[in-house]
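Participant: Structure: structure-v7.cif, mmCIF, C-alpha atoms and all ligand atoms.
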```
data_work
loop_
_atom_site.label_atom_id
_atom_site.label_comp_id
_atom_site.auth_asym_id
_atom_site.auth_seq_id
_atom_site.Cartn_x
_atom_site.Cartn_y
_atom_site.Cartn_z
CA MET A 1 -8.49 -35.26 3.77
CA LYS A 2 -7.25 -31.66 3.97
CA PRO A 3 -8.73 -29.13 1.55
CA LEU A 4 -6.36 -28.13 -1.23
CA LEU A 5 -5.37 -24.48 -1.55
CA ILE A 6 -3.93 -23.36 -4.85
CA THR A 7 -2.30 -19.96 -5.04
CA ASP A 8 0.90 -18.25 -6.15
CA SER A 9 2.69 -14.93 -5.82
CA ILE A 10 2.64 -14.77 -9.63
CA TYR A 11 -0.90 -13.35 -9.28
CA LEU A 12 0.59 -10.21 -7.70
CA LEU A 13 2.34 -9.32 -10.95
CA HIS A 14 -0.94 -8.25 -12.58
CA ASP A 15 -0.99 -4.75 -11.17
CA ILE A 16 -3.13 -1.98 -12.66
CA LYS A 17 -2.68 1.26 -10.73
CA GLU A 18 -5.68 2.68 -8.83
CA HIS A 19 -7.81 -0.34 -9.73
CA PRO A 20 -10.24 -2.07 -7.29
CA GLU A 21 -9.10 -5.50 -8.52
CA SER A 22 -5.76 -5.01 -6.80
CA LYS A 23 -2.96 -7.23 -5.54
CA GLU A 24 -3.81 -6.01 -2.01
CA ARG A 25 -6.79 -8.37 -2.18
CA LEU A 26 -4.57 -11.45 -2.28
CA LEU A 27 -2.07 -10.05 0.22
CA ALA A 28 -4.92 -9.54 2.72
CA ILE A 29 -6.08 -13.14 2.21
CA GLU A 30 -2.56 -14.49 2.64
CA LYS A 31 -2.17 -12.63 5.94
CA GLU A 32 -5.57 -13.76 7.24
CA LEU A 33 -4.87 -17.43 6.45
CA LEU A 34 -1.45 -17.54 8.13
CA PRO A 35 -2.75 -18.77 11.55
CA ILE A 36 -4.68 -21.68 9.98
CA LYS A 37 -2.27 -22.63 7.19
CA ASP A 38 -1.52 -26.08 8.63
CA SER A 39 -5.12 -27.11 7.98
CA PHE A 40 -4.57 -27.15 4.22
CA LEU A 41 -2.56 -28.79 1.49
CA PHE A 42 -0.83 -26.15 -0.60
CA GLN A 43 -0.03 -26.34 -4.25
CA LYS A 44 1.30 -23.90 -6.80
CA PRO A 45 -0.64 -23.74 -10.06
CA ARG A 46 0.61 -24.48 -13.53
CA PRO A 47 -0.22 -22.08 -16.34
CA ALA A 48 -3.11 -23.15 -18.55
CA SER A 49 -1.79 -24.18 -21.95
CA LYS A 50 -3.15 -22.79 -25.21
CA GLU A 51 -5.04 -26.05 -25.68
CA ASP A 52 -6.64 -25.70 -22.21
CA ILE A 53 -7.74 -22.16 -22.99
CA PHE A 54 -9.08 -23.25 -26.40
CA LEU A 55 -11.54 -25.48 -24.51
CA VAL A 56 -13.56 -22.25 -24.09
CA HIS A 57 -11.97 -19.36 -25.98
CA THR A 58 -11.07 -19.08 -29.67
CA PRO A 59 -7.43 -19.05 -30.85
CA LYS A 60 -8.10 -15.62 -32.37
CA TYR A 61 -9.20 -14.26 -28.98
CA TYR A 62 -6.24 -15.86 -27.17
CA HIS A 63 -3.77 -14.08 -29.46
CA TYR A 64 -5.73 -10.85 -29.19
CA VAL A 65 -5.45 -10.94 -25.35
CA GLN A 66 -1.72 -11.56 -25.65
CA GLN A 67 -1.31 -8.66 -28.07
CA VAL A 68 -3.34 -6.16 -26.02
CA CYS A 69 -1.40 -7.13 -22.87
CA ASP A 70 1.93 -6.68 -24.68
CA GLU A 71 0.78 -3.19 -25.65
CA ASN A 72 -0.49 -2.26 -22.12
CA GLY A 73 -3.87 -1.66 -23.72
CA TYR A 74 -7.56 -1.74 -22.81
CA PHE A 75 -10.36 -4.19 -23.60
CA THR A 76 -13.09 -2.01 -22.07
CA PRO A 77 -12.66 1.22 -20.06
CA ASP A 78 -12.52 -0.70 -16.74
CA THR A 79 -10.57 -3.71 -18.05
CA ALA A 80 -7.03 -2.68 -18.82
CA CYS A 81 -3.93 -4.80 -18.94
CA MET A 82 -0.19 -4.54 -18.56
CA GLU A 83 2.83 -6.65 -19.48
CA HIS A 84 2.24 -9.33 -16.79
CA THR A 85 -1.54 -9.61 -17.14
CA PHE A 86 -1.37 -12.34 -19.78
CA LEU A 87 0.92 -14.51 -17.65
CA ALA A 88 -1.17 -14.02 -14.49
CA ALA A 89 -4.36 -14.81 -16.43
CA LYS A 90 -2.86 -18.06 -17.74
CA TYR A 91 -1.90 -19.08 -14.20
CA ALA A 92 -5.36 -18.09 -12.93
CA ALA A 93 -6.91 -20.40 -15.50
CA GLY A 94 -4.40 -23.13 -14.64
CA ALA A 95 -5.21 -23.29 -10.93
CA GLY A 96 -8.58 -24.95 -11.51
CA LEU A 97 -6.97 -27.51 -13.78
CA CYS A 98 -4.53 -28.45 -11.01
CA ALA A 99 -7.49 -28.77 -8.62
CA ILE A 100 -9.30 -31.10 -11.04
CA ASP A 101 -6.15 -33.20 -11.47
CA ALA A 102 -5.67 -33.47 -7.69
CA ILE A 103 -9.30 -34.54 -7.26
CA LYS A 104 -9.00 -37.05 -10.10
CA GLU A 105 -5.86 -38.49 -8.47
CA LYS A 106 -7.72 -38.64 -5.11
CA LYS A 107 -5.22 -36.31 -3.43
CA ALA A 108 -8.05 -33.95 -2.47
CA LEU A 109 -11.83 -33.78 -2.47
CA ASN A 110 -12.27 -30.04 -1.91
CA ALA A 111 -10.19 -27.18 -3.28
CA PHE A 112 -10.06 -23.39 -3.26
CA CYS A 113 -8.21 -21.50 -6.00
CA ILE A 114 -7.09 -18.15 -4.59
CA ILE A 115 -6.46 -16.50 -7.91
CA ARG A 116 -6.61 -13.26 -9.84
CA PRO A 117 -7.48 -11.91 -12.32
CA PRO A 118 -11.05 -13.25 -11.93
CA GLY A 119 -12.90 -14.89 -14.82
CA HIS A 120 -16.71 -15.09 -14.76
CA HIS A 121 -17.39 -12.05 -16.97
CA ALA A 122 -15.10 -13.20 -19.80
CA THR A 123 -17.08 -14.59 -22.71
CA LYS A 124 -15.67 -16.78 -25.47
CA GLU A 125 -14.35 -13.71 -27.31
CA GLN A 126 -14.62 -10.70 -24.98
CA ALA A 127 -12.63 -9.59 -21.93
CA MET A 128 -14.69 -7.41 -19.57
CA GLY A 129 -15.40 -6.71 -15.91
CA PHE A 130 -11.73 -7.21 -14.87
CA CYS A 131 -11.80 -10.72 -16.48
CA TYR A 132 -9.67 -12.01 -19.39
CA PHE A 133 -10.01 -15.81 -19.49
CA ASN A 134 -13.03 -17.53 -17.93
CA ASN A 135 -11.25 -19.61 -15.27
CA ILE A 136 -14.29 -21.57 -14.06
CA ALA A 137 -15.57 -22.32 -17.58
CA ILE A 138 -12.18 -23.64 -18.66
CA ALA A 139 -12.07 -25.81 -15.52
CA ALA A 140 -15.60 -27.10 -16.24
CA ARG A 141 -14.61 -28.25 -19.74
CA TYR A 142 -11.36 -29.73 -18.42
CA ALA A 143 -13.29 -31.59 -15.70
CA GLN A 144 -15.54 -33.06 -18.38
CA GLU A 145 -12.47 -34.28 -20.28
CA LYS A 146 -11.30 -35.97 -17.07
CA GLY A 147 -14.58 -37.84 -16.64
CA PHE A 148 -16.66 -35.44 -14.52
CA LYS A 149 -19.33 -35.30 -17.20
CA LYS A 150 -21.98 -33.26 -15.39
CA VAL A 151 -20.80 -30.00 -13.87
CA PHE A 152 -22.89 -27.75 -11.61
CA ILE A 153 -21.65 -24.16 -11.34
CA ILE A 154 -22.81 -21.96 -8.44
CA ASP A 155 -21.97 -18.25 -8.74
CA PHE A 156 -22.56 -16.07 -5.66
CA ASP A 157 -20.57 -13.01 -6.79
CA VAL A 158 -22.66 -9.82 -6.50
CA HIS A 159 -22.33 -9.42 -10.29
CA HIS A 160 -23.99 -11.80 -12.70
CA GLY A 161 -21.50 -14.16 -14.38
CA ASN A 162 -22.57 -13.24 -17.89
CA GLY A 163 -19.51 -14.89 -19.46
CA THR A 164 -20.08 -18.24 -17.80
CA GLN A 165 -23.80 -18.16 -18.58
CA ASP A 166 -23.08 -17.30 -22.21
CA ILE A 167 -20.51 -20.07 -22.68
CA PHE A 168 -22.90 -22.79 -21.46
CA TYR A 169 -26.22 -21.29 -22.58
CA TYR A 170 -26.92 -24.02 -25.18
CA ASP A 171 -25.47 -26.82 -23.05
CA ASP A 172 -27.27 -29.38 -20.89
CA SER A 173 -24.06 -30.85 -19.40
CA VAL A 174 -23.15 -27.76 -17.36
CA PHE A 175 -25.76 -26.19 -15.06
CA TYR A 176 -25.28 -22.50 -14.24
CA PHE A 177 -26.91 -21.18 -11.03
CA SER A 178 -26.39 -17.53 -10.06
CA THR A 179 -27.45 -15.19 -7.28
CA HIS A 180 -26.51 -11.56 -7.90
CA GLU A 181 -27.64 -7.99 -7.44
CA ALA A 182 -30.15 -6.71 -10.01
CA PHE A 183 -29.57 -3.56 -12.11
CA ILE A 184 -25.77 -3.40 -11.74
CA PHE A 185 -22.94 -4.51 -14.08
CA PRO A 186 -23.17 -6.43 -16.41
CA GLY A 187 -26.97 -6.04 -16.63
CA THR A 188 -27.73 -9.68 -17.44
CA GLY A 189 -29.11 -12.43 -15.16
CA ASP A 190 -32.85 -11.98 -15.44
CA PRO A 191 -34.89 -14.98 -14.22
CA ASN A 192 -36.25 -15.50 -17.73
CA GLU A 193 -32.71 -16.20 -19.02
CA ARG A 194 -32.96 -19.99 -18.69
CA GLY A 195 -30.86 -21.38 -21.55
CA ILE A 196 -31.70 -22.12 -25.17
CA GLY A 197 -32.19 -25.34 -27.16
CA LYS A 198 -30.96 -28.36 -25.24
CA GLY A 199 -29.60 -25.90 -22.68
CA GLU A 200 -33.10 -24.71 -21.79
CA GLY A 201 -33.70 -25.16 -18.08
CA PHE A 202 -29.97 -25.51 -17.32
CA THR A 203 -29.45 -21.84 -16.38
CA PHE A 204 -31.05 -20.45 -13.21
CA ASN A 205 -30.84 -16.78 -12.29
CA TYR A 206 -31.91 -15.35 -8.94
CA PRO A 207 -31.42 -11.57 -8.91
CA LEU A 208 -31.63 -9.75 -5.57
CA MET A 209 -32.87 -6.21 -5.16
CA PRO A 210 -30.33 -3.63 -3.89
CA ASN A 211 -30.08 -3.74 -0.06
CA SER A 212 -31.32 -7.34 0.09
CA THR A 213 -30.46 -9.03 3.39
CA ASP A 214 -29.29 -12.48 4.49
CA ASN A 215 -32.82 -13.90 4.55
CA GLU A 216 -33.46 -12.96 0.94
CA LEU A 217 -30.15 -14.43 -0.20
CA LEU A 218 -30.53 -17.62 1.83
CA GLU A 219 -33.97 -18.30 0.40
CA ALA A 220 -32.24 -19.03 -2.93
CA TYR A 221 -29.83 -21.47 -1.26
CA TYR A 222 -32.36 -23.17 1.04
CA GLU A 223 -35.42 -23.24 -1.26
CA LYS A 224 -34.29 -23.05 -4.90
CA LEU A 225 -30.87 -24.70 -5.04
CA PRO A 226 -31.54 -28.11 -3.37
CA PRO A 227 -33.98 -29.53 -5.97
CA LEU A 228 -31.88 -28.17 -8.86
CA ILE A 229 -28.75 -30.00 -7.64
CA LYS A 230 -30.71 -33.15 -6.80
CA ASN A 231 -32.37 -33.34 -10.23
CA PHE A 232 -29.19 -32.52 -12.16
CA ASN A 233 -27.11 -34.99 -10.12
CA PRO A 234 -23.68 -33.50 -10.93
CA ASP A 235 -20.32 -35.30 -10.85
CA ILE A 236 -18.57 -32.18 -9.56
CA ILE A 237 -19.54 -28.73 -8.25
CA LEU A 238 -17.60 -25.58 -9.14
CA VAL A 239 -18.21 -22.29 -7.34
CA SER A 240 -17.58 -18.75 -8.56
CA ALA A 241 -16.83 -17.34 -5.13
CA GLY A 242 -17.11 -13.57 -5.36
CA TYR A 243 -17.28 -11.93 -1.95
CA ASP A 244 -18.48 -8.56 -3.23
CA LEU A 245 -21.95 -9.58 -2.03
CA HIS A 246 -20.76 -8.57 1.47
CA GLU A 247 -22.30 -5.40 2.92
CA SER A 248 -18.91 -3.62 3.09
CA ASP A 249 -18.15 -3.95 -0.61
CA PRO A 250 -17.65 -0.72 -2.58
CA LEU A 251 -18.89 -2.26 -5.87
CA GLY A 252 -22.13 -3.83 -4.61
CA SER A 253 -25.03 -2.67 -2.47
CA LEU A 254 -26.38 -5.85 -0.92
CA ASP A 255 -26.64 -5.98 2.89
CA ILE A 256 -25.23 -9.47 3.35
CA THR A 257 -23.34 -10.13 6.59
CA TYR A 258 -20.39 -12.44 7.36
CA GLU A 259 -22.90 -14.81 9.01
CA GLY A 260 -25.12 -14.78 5.94
CA ILE A 261 -22.22 -15.71 3.67
CA GLN A 262 -21.11 -18.40 6.10
CA LYS A 263 -24.60 -19.94 6.15
CA MET A 264 -24.76 -19.88 2.35
CA VAL A 265 -21.35 -21.58 2.06
CA LYS A 266 -22.29 -24.23 4.65
CA GLN A 267 -25.49 -24.95 2.74
CA ILE A 268 -23.53 -25.34 -0.53
CA ILE A 269 -21.15 -27.75 1.21
CA ALA A 270 -24.06 -29.71 2.72
CA LEU A 271 -25.77 -29.99 -0.68
CA LYS A 272 -22.69 -31.32 -2.46
CA GLU A 273 -22.85 -34.45 -0.26
CA ASP A 274 -19.88 -36.65 -1.28
CA LYS A 275 -19.17 -34.86 -4.57
CA PRO A 276 -15.95 -32.90 -5.10
CA ILE A 277 -16.13 -29.11 -4.99
CA VAL A 278 -13.76 -26.42 -6.22
CA PHE A 279 -14.06 -22.73 -5.30
CA PHE A 280 -12.67 -20.04 -7.62
CA LEU A 281 -12.04 -16.56 -6.25
CA GLU A 282 -13.91 -13.97 -8.30
CA GLY A 283 -14.74 -10.49 -6.87
CA GLY A 284 -14.56 -8.93 -3.41
CA TYR A 285 -13.07 -5.44 -3.28
CA GLU A 286 -12.80 -4.56 0.39
CA PRO A 287 -9.59 -6.50 1.14
CA LYS A 288 -10.17 -7.04 4.89
CA ALA A 289 -13.73 -8.29 4.45
CA LEU A 290 -12.67 -10.40 1.48
CA ALA A 291 -9.93 -12.04 3.54
CA LYS A 292 -12.29 -12.80 6.43
CA ASN A 293 -14.93 -14.25 4.10
CA VAL A 294 -12.39 -16.46 2.32
CA LYS A 295 -11.13 -17.68 5.69
CA ASN A 296 -14.67 -18.47 6.83
CA THR A 297 -15.29 -20.46 3.64
CA LEU A 298 -12.09 -22.43 4.17
CA LEU A 299 -13.00 -23.12 7.80
CA ALA A 300 -16.31 -24.54 6.56
CA LEU A 301 -14.40 -26.82 4.17
CA ILE A 302 -12.17 -28.33 6.88
ZN ZN B 401 -18.21 -9.12 -8.77
#
```
As structure tokens, what does this structure read like?
Ligand SMILES: [Zn+2]
Facilitator:
Amino acid sequence: MKPLLITDSIYLLHDIKEHPESKERLLAIEKELLPIKDSFLFQKPRPASKEDIFLVHTPKYYHYVQQVCDENGYFTPDTACMEHTFLAAKYAAGAGLCAIDAIKEKKALNAFCIIRPPGHHATKEQAMGFCYFNNIAIAARYAQEKGFKKVFIIDFDVHHGNGTQDIFYYDDSVFYFSTHEAFIFPGTGDPNERGIGKGEGFTFNYPLMPNSTDNELLEAYYEKLPPLIKNFNPDIILVSAGYDLHESDPLGSLDITYEGIQKMVKQIIALKEDKPIVFFLEGGYEPKALAKNVKNTLLALI
């Protein structure tokens, strides 16, 4: 079965001038994938409905995002919006839902949502870190509604996915596993953040020191991740695929190579065994490197 690719030119409409989270990121990916496009099933996303977004965010927050976007305003100094941001964000959240539906209908087993704006920093009621709606969290709740009761989230973006962690911190039905660089935005992701209440033990953080190399990253994926997935026994795996862990990235300072990322991705795919997996594009701010890393991930999925 061919992997499913979900993307749309609607994501180019969200366009904040002089911003690292630029439309050039998706244009570079599109160009890089052209020679291998026959290896995939393509689908356009639907926009997430209000009800889908309310699976994670509050109605009050939803209307607040809409209002700030209408006014071309700011949520935080680095997270601005413009007239099309709200629409693009709804389609970014909708891509994962289409992937879940396709998997449920047995049209695909693996999917990659090439989307923007990203989502993993958005909490229930706060846009930040270039994120407005938490795409992967909404997809996790939607997957649970469709019968994938236990969801394992892997987040390899260089930044800790504080929003995703926060949303599931008290929850034992969604496991959150993150590798990220220590001491950078958003400042969370310490190993002693492990969940609270019945969620205790269902969050696993593995911060890496600045300038960490492939070996240090891969230790998390070869040594720590396998028993966590085995014990949790998920019905589906969702991945926050942020490629800003690559050595070329202007927003991170890890020394991870293309080969290191490829080994990590292959290990994730090996560990999922026969379970479905959906990748969600998060960060990655050097467009050429981002495009090559996305292509490598897709080649590993074929
Ligand atoms: Zn990032």
Participant: Check the smallest atom-to-atom distance from each of A:Thr188, A:Glu24, A:Phe40, A:His14 to A:Asn72 using all atoms listed in the file, then report the winner.
Facilitator: A:His14
Participant: For A:Gly199, list every protein, DNA or RNA residue within 7 Å, evaluated using all atoms listed in the file, and leave out those in the same chain fewer than 5 positions away; present the list as a list in words.
Facilitator: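 Neighbouring residues, sequence-local ones excluded: Tyr169, Tyr170, Asp171 and Asp172 of chain A.
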Participant: At a cut-off of 12 Å and counting all atoms listed in the file, what residues surround ligand ZN 401 (chain B)? Please answer as a PDB file with C-alpha atoms, in the coordinates of the input.
Facilitator:
```pdb
ATOM      1  CA  PRO A  20     -10.240  -2.070  -7.290  1.00  0.00           C
ATOM      2  CA  GLU A  21      -9.100  -5.500  -8.520  1.00  0.00           C
ATOM      3  CA  PRO A 117      -7.480 -11.910 -12.320  1.00  0.00           C
ATOM      4  CA  PRO A 118     -11.050 -13.250 -11.930  1.00  0.00           C
ATOM      5  CA  GLY A 119     -12.900 -14.890 -14.820  1.00  0.00           C
ATOM      6  CA  HIS A 120     -16.710 -15.090 -14.760  1.00  0.00           C
ATOM      7  CA  HIS A 121     -17.390 -12.050 -16.970  1.00  0.00           C
ATOM      8  CA  MET A 128     -14.690  -7.410 -19.570  1.00  0.00           C
ATOM      9  CA  GLY A 129     -15.400  -6.710 -15.910  1.00  0.00           C
ATOM     10  CA  PHE A 130     -11.730  -7.210 -14.870  1.00  0.00           C
ATOM     11  CA  CYS A 131     -11.800 -10.720 -16.480  1.00  0.00           C
ATOM     12  CA  ASP A 155     -21.970 -18.250  -8.740  1.00  0.00           C
ATOM     13  CA  PHE A 156     -22.560 -16.070  -5.660  1.00  0.00           C
ATOM     14  CA  ASP A 157     -20.570 -13.010  -6.790  1.00  0.00           C
ATOM     15  CA  VAL A 158     -22.660  -9.820  -6.500  1.00  0.00           C
ATOM     16  CA  HIS A 159     -22.330  -9.420 -10.290  1.00  0.00           C
ATOM     17  CA  HIS A 160     -23.990 -11.800 -12.700  1.00  0.00           C
ATOM     18  CA  GLY A 161     -21.500 -14.160 -14.380  1.00  0.00           C
ATOM     19  CA  ASN A 162     -22.570 -13.240 -17.890  1.00  0.00           C
ATOM     20  CA  SER A 178     -26.390 -17.530 -10.060  1.00  0.00           C
ATOM     21  CA  THR A 179     -27.450 -15.190  -7.280  1.00  0.00           C
ATOM     22  CA  HIS A 180     -26.510 -11.560  -7.900  1.00  0.00           C
ATOM     23  CA  GLU A 181     -27.640  -7.990  -7.440  1.00  0.00           C
ATOM     24  CA  ILE A 184     -25.770  -3.400 -11.740  1.00  0.00           C
ATOM     25  CA  PHE A 185     -22.940  -4.510 -14.080  1.00  0.00           C
ATOM     26  CA  PRO A 186     -23.170  -6.430 -16.410  1.00  0.00           C
ATOM     27  CA  SER A 240     -17.580 -18.750  -8.560  1.00  0.00           C
ATOM     28  CA  ALA A 241     -16.830 -17.340  -5.130  1.00  0.00           C
ATOM     29  CA  GLY A 242     -17.110 -13.570  -5.360  1.00  0.00           C
ATOM     30  CA  TYR A 243     -17.280 -11.930  -1.950  1.00  0.00           C
ATOM     31  CA  ASP A 244     -18.480  -8.560  -3.230  1.00  0.00           C
ATOM     32  CA  LEU A 245     -21.950  -9.580  -2.030  1.00  0.00           C
ATOM     33  CA  HIS A 246     -20.760  -8.570   1.470  1.00  0.00           C
ATOM     34  CA  ASP A 249     -18.150  -3.950  -0.610  1.00  0.00           C
ATOM     35  CA  PRO A 250     -17.650  -0.720  -2.580  1.00  0.00           C
ATOM     36  CA  LEU A 251     -18.890  -2.260  -5.870  1.00  0.00           C
ATOM     37  CA  GLY A 252     -22.130  -3.830  -4.610  1.00  0.00           C
ATOM     38  CA  SER A 253     -25.030  -2.670  -2.470  1.00  0.00           C
ATOM     39  CA  LEU A 254     -26.380  -5.850  -0.920  1.00  0.00           C
ATOM     40  CA  LEU A 281     -12.040 -16.560  -6.250  1.00  0.00           C
ATOM     41  CA  GLU A 282     -13.910 -13.970  -8.300  1.00  0.00           C
ATOM     42  CA  GLY A 283     -14.740 -10.490  -6.870  1.00  0.00           C
ATOM     43  CA  GLY A 284     -14.560  -8.930  -3.410  1.00  0.00           C
ATOM     44  CA  TYR A 285     -13.070  -5.440  -3.280  1.00  0.00           C
ATOM     45  CA  GLU A 286     -12.800  -4.560   0.390  1.00  0.00           C
ATOM     46  CA  LEU A 290     -12.670 -10.400   1.480  1.00  0.00           C
TER      47      LEU A 290
END
```
Participant: Tell me, in Å to one decimal, how far atom CA of A:Gly73 is from atom CA of A:Phe168.
Facilitator: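 Taking atom CA of A:Gly73 and atom CA of A:Phe168, their separation equals 28.5 Å.
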Participant: Need to verify the contact set: A:Gly94, 7 Å, all atoms listed in the file, exclusion of same-chain residues closer than 2 positions in sequence. Can you return it as a VMD selection string?
Facilitator: chain A and resid 45 to 48 90 to 92 96 to 98
Participant: Show me, as a list in words, the residues that have an atom within 9 Å of A:Cys69 when counting only C-alpha atoms, minus same-chain residues fewer than 6 positions from it.
Facilitator: Ala80, Cys81, Met82, Glu83, His84, Thr85 and Phe86 of chain A
Participant: Skip A:Tyr206 itself and residues of its chain fewer than 2 positions away, then list as a PyMOL selection string all residues within 8 Å of it, counting only C-alpha atoms.
Facilitator: chain A and resi 177-180+189-191+204+208+220
Participant: Would you work out the distance separating atom CA of A:Gln267 from atom CA of A:Thr297, expressed in Å to one decimal?
Facilitator: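 That distance, rounded to one decimal, is 11.2 Å.
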Participant: Using only C-alpha atoms, which protein or nucleic acid residues come within 9 Å of A:Ile153? Drop anything in the same chain fewer than 6 positions from it, and give the result as number ranges by chain.
Facilitator: A: 136-137, 140, 164, 174-178, 236-240
Participant: If you measure from atom CA of A:Lys150 to atom CA of A:Gln165, what distance in Å do you get, rounded to one decimal?
Facilitator: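 If I compute the distance from atom CA of A:Lys150 to atom CA of A:Gln165, I get 15.5 Å.
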Participant: Starting from the point (-22.4, -27.1, 1.9), work out which residues of protein, DNA or RNA have an atom no more than 12 Å away when counting all atoms listed in the file; state them as a PyMOL selection string.
Facilitator: chain A and resi 110+154+221-222+225-226+229+237+239+261-279+297-302
Participant: Go through A:Glu219, A:Asp8, A:Glu193, A:Glu71 one by one, measure the shortest atom-to-atom distance of each to A:Ala88 using all atoms listed in the file, and give the residue with the smallest value.
Facilitator: A:Asp8
Participant: Using all atoms listed in the file, collect all residues at a distance of at most 10 Å from (-15.5, -4.6, 11.7) as written in the file, then present them as a ChimeraX atom specification.
Facilitator: /A:248,288-289
Participant: So, counting only C-alpha atoms, which residue among A:Lys295, A:Met209, A:Tyr132, A:Ile167 is closest to A:His63?
Facilitator: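 Nearest to A:His63: A:Tyr132.
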Participant: Point out the residue among A:Ala143, A:Leu228, A:Ile53, A:Ala102 with the least atom-to-atom distance to A:Thr203, counting all atoms listed in the file.
Facilitator: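 Comparing A:Ala143, A:Leu228, A:Ile53, A:Ala102 against A:Thr203, the winner is A:Leu228.
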Participant: From the list A:Lys149, A:Lys31, A:Lys124, A:Lys2, which residue is nearest A:Ala291 when using all atoms listed in the file?
Facilitator: A:Lys31
